[in-house]
Amino acid sequence: ALSLVPIIWGTYTPIIRFAYQLDVPPPPELLNFMFYFTSVSCLFLSSAINAQPLFPRAESLKAGLELGLWLFLGSTLQLLGLQYTTGTQAGIIVQLTSVMVPLLEASILKRTVSRSLWLGIALSFAGVVLLTADQAASAGSSAAAAASFSSFSLGSMIKGDFLVLLAAIAYSTHVIRLDGYAKKVEPLQLAFGKQTAQLGYSSMLAWIPALLSSTRLQSYSTFASSLGHDQALQMLMIVIWNGAISSAFTSYAQSFGQRRIPATLASLLFTTQPLWNALLCSFFLHESIGALGIGGITLVLAALSNSLIKLSEDTEKTKQI
């Protein structure tokens with residue numbers, strides 16, 4: 001199940017970018033709320049079918065409050081960032097979690113950062129810089145590209161990339177903290193706890209300001225009234241896919257999978273996500289990737305491969321001891 005996670009995650013940014021290309025784009029906070037409402041509903045149904053408790057237990061809710069906060073911060077920052085940068089770019093930056101996880105583990109656990117890890121960080125940074133330059137240069141390269149990149153300037157991309165980078169840090173922290181909780185709490189209950197907490201956080205972000213500000217409520221009304229039949233159906237499919245599959249299923253798959261493998265190895269299993277993301281963005285959103293972009297993606301993948309080799313060597317040494 002864990003091996004499906006990067007493929008599913010690869011669909012997230014192109015789907016969100018598609019939603020943002022509607023005549024009246026959905027407000028990010030409302031979109032987040034709809035995703036988590038759908039996710040919790042699916043997990044509630046799954047619990048009922050499997051004859052498990054229909055509400056999170058105390059231990060899963062406690063874990064969910066922390067883990068759900070990191071995921072909520074990650075998804076919110078990513079949704080905001082995707083308003084300003086391309087899907088290809090965002091997918092690459094989010095995948096930097098594979099480098100950030102061992103770096104954060106070293107910081108939190110006071111471990112020495114190896115030269116191999118610093119090399120991976122340097123390669124990743126260089127790769128993202130090249131990809132940014134490539135995506136900015138693609139804005140006027142063709143009619144299809146111009147349509148896809150028309151709302152992006154270099155300044156906009158830098159702003160979006162920074163928000164997505166913050167999202168990657170939040171996601172990385174979730175992976176590290178999940179490592180301990182996953183061994184103590186049953187997977188479905190842990191996923192339920194996380195998603196319930198995220199629904200609570202997203203409800204507060206979406207509806208408390210709406211109750212206090214007529215402007216926020218008006219933006220929701222404007223978006224809802226702008227949807228024709230076809231667009232309403234498209235939004236329904238987006239909400240169902242991202243809520244039920246990208247959120248509920250992947251949350252369960254991570255909770256289940258990380259009971260058996262460590263956080264660093266789990267993060268490295270997700271290294272194919274940028275490739276799926278770039279492929280889907282190119283096919284559905286016509287986001288072209290030039291020579292600089294290919295070079296940037298290659299550097300990021302080299303960084304991830306470097307981390308994987310180092311992890312394998314460390315694991316082998318541990319077994320010999």
# chains A, B, ... in the order shown; residues from 1 in each chain; ligands from 1
>>> residues_around(residues="A:Val239", least_positions_apart="3", cutoff="12 Å", atoms="only C-alpha atoms", output="ChimeraX atom specification")
/A:12,15-16,19,26,30-39,232-236,242-248
>>> atom_distance(atom1="atom CA of A:Gly295", atom2="atom CA of A:Gly10")
19.7 Å
>>> atom_distance(atom1="atom CA of A:Asp179", atom2="atom CA of A:Ser107")
15.9 Å
>>> closest_residue(among="A:Ile8, A:Ile297, A:Ala206, A:Leu73", to="A:Gly127", atoms="only C-alpha atoms")
A:Ile297
>>> closest_residue(among="A:Ser172, A:Tyr252, A:Val24, A:Ser305", to="A:Leu227", atoms="only C-alpha atoms")
A:Val24
>>> select_by_dssp(residues="stretch 34-212 of chain A", states="helix (DSSP H, G or I)", output="ChimeraX atom specification")
/A:34-49,58-81,87-94,97-108,115-140,143-149,154-181,187-212
>>> closest_residue(among="A:Ser219, A:Asn277, A:Gln21, A:Gln78", to="A:Val164", atoms="only C-alpha atoms")
A:Gln78
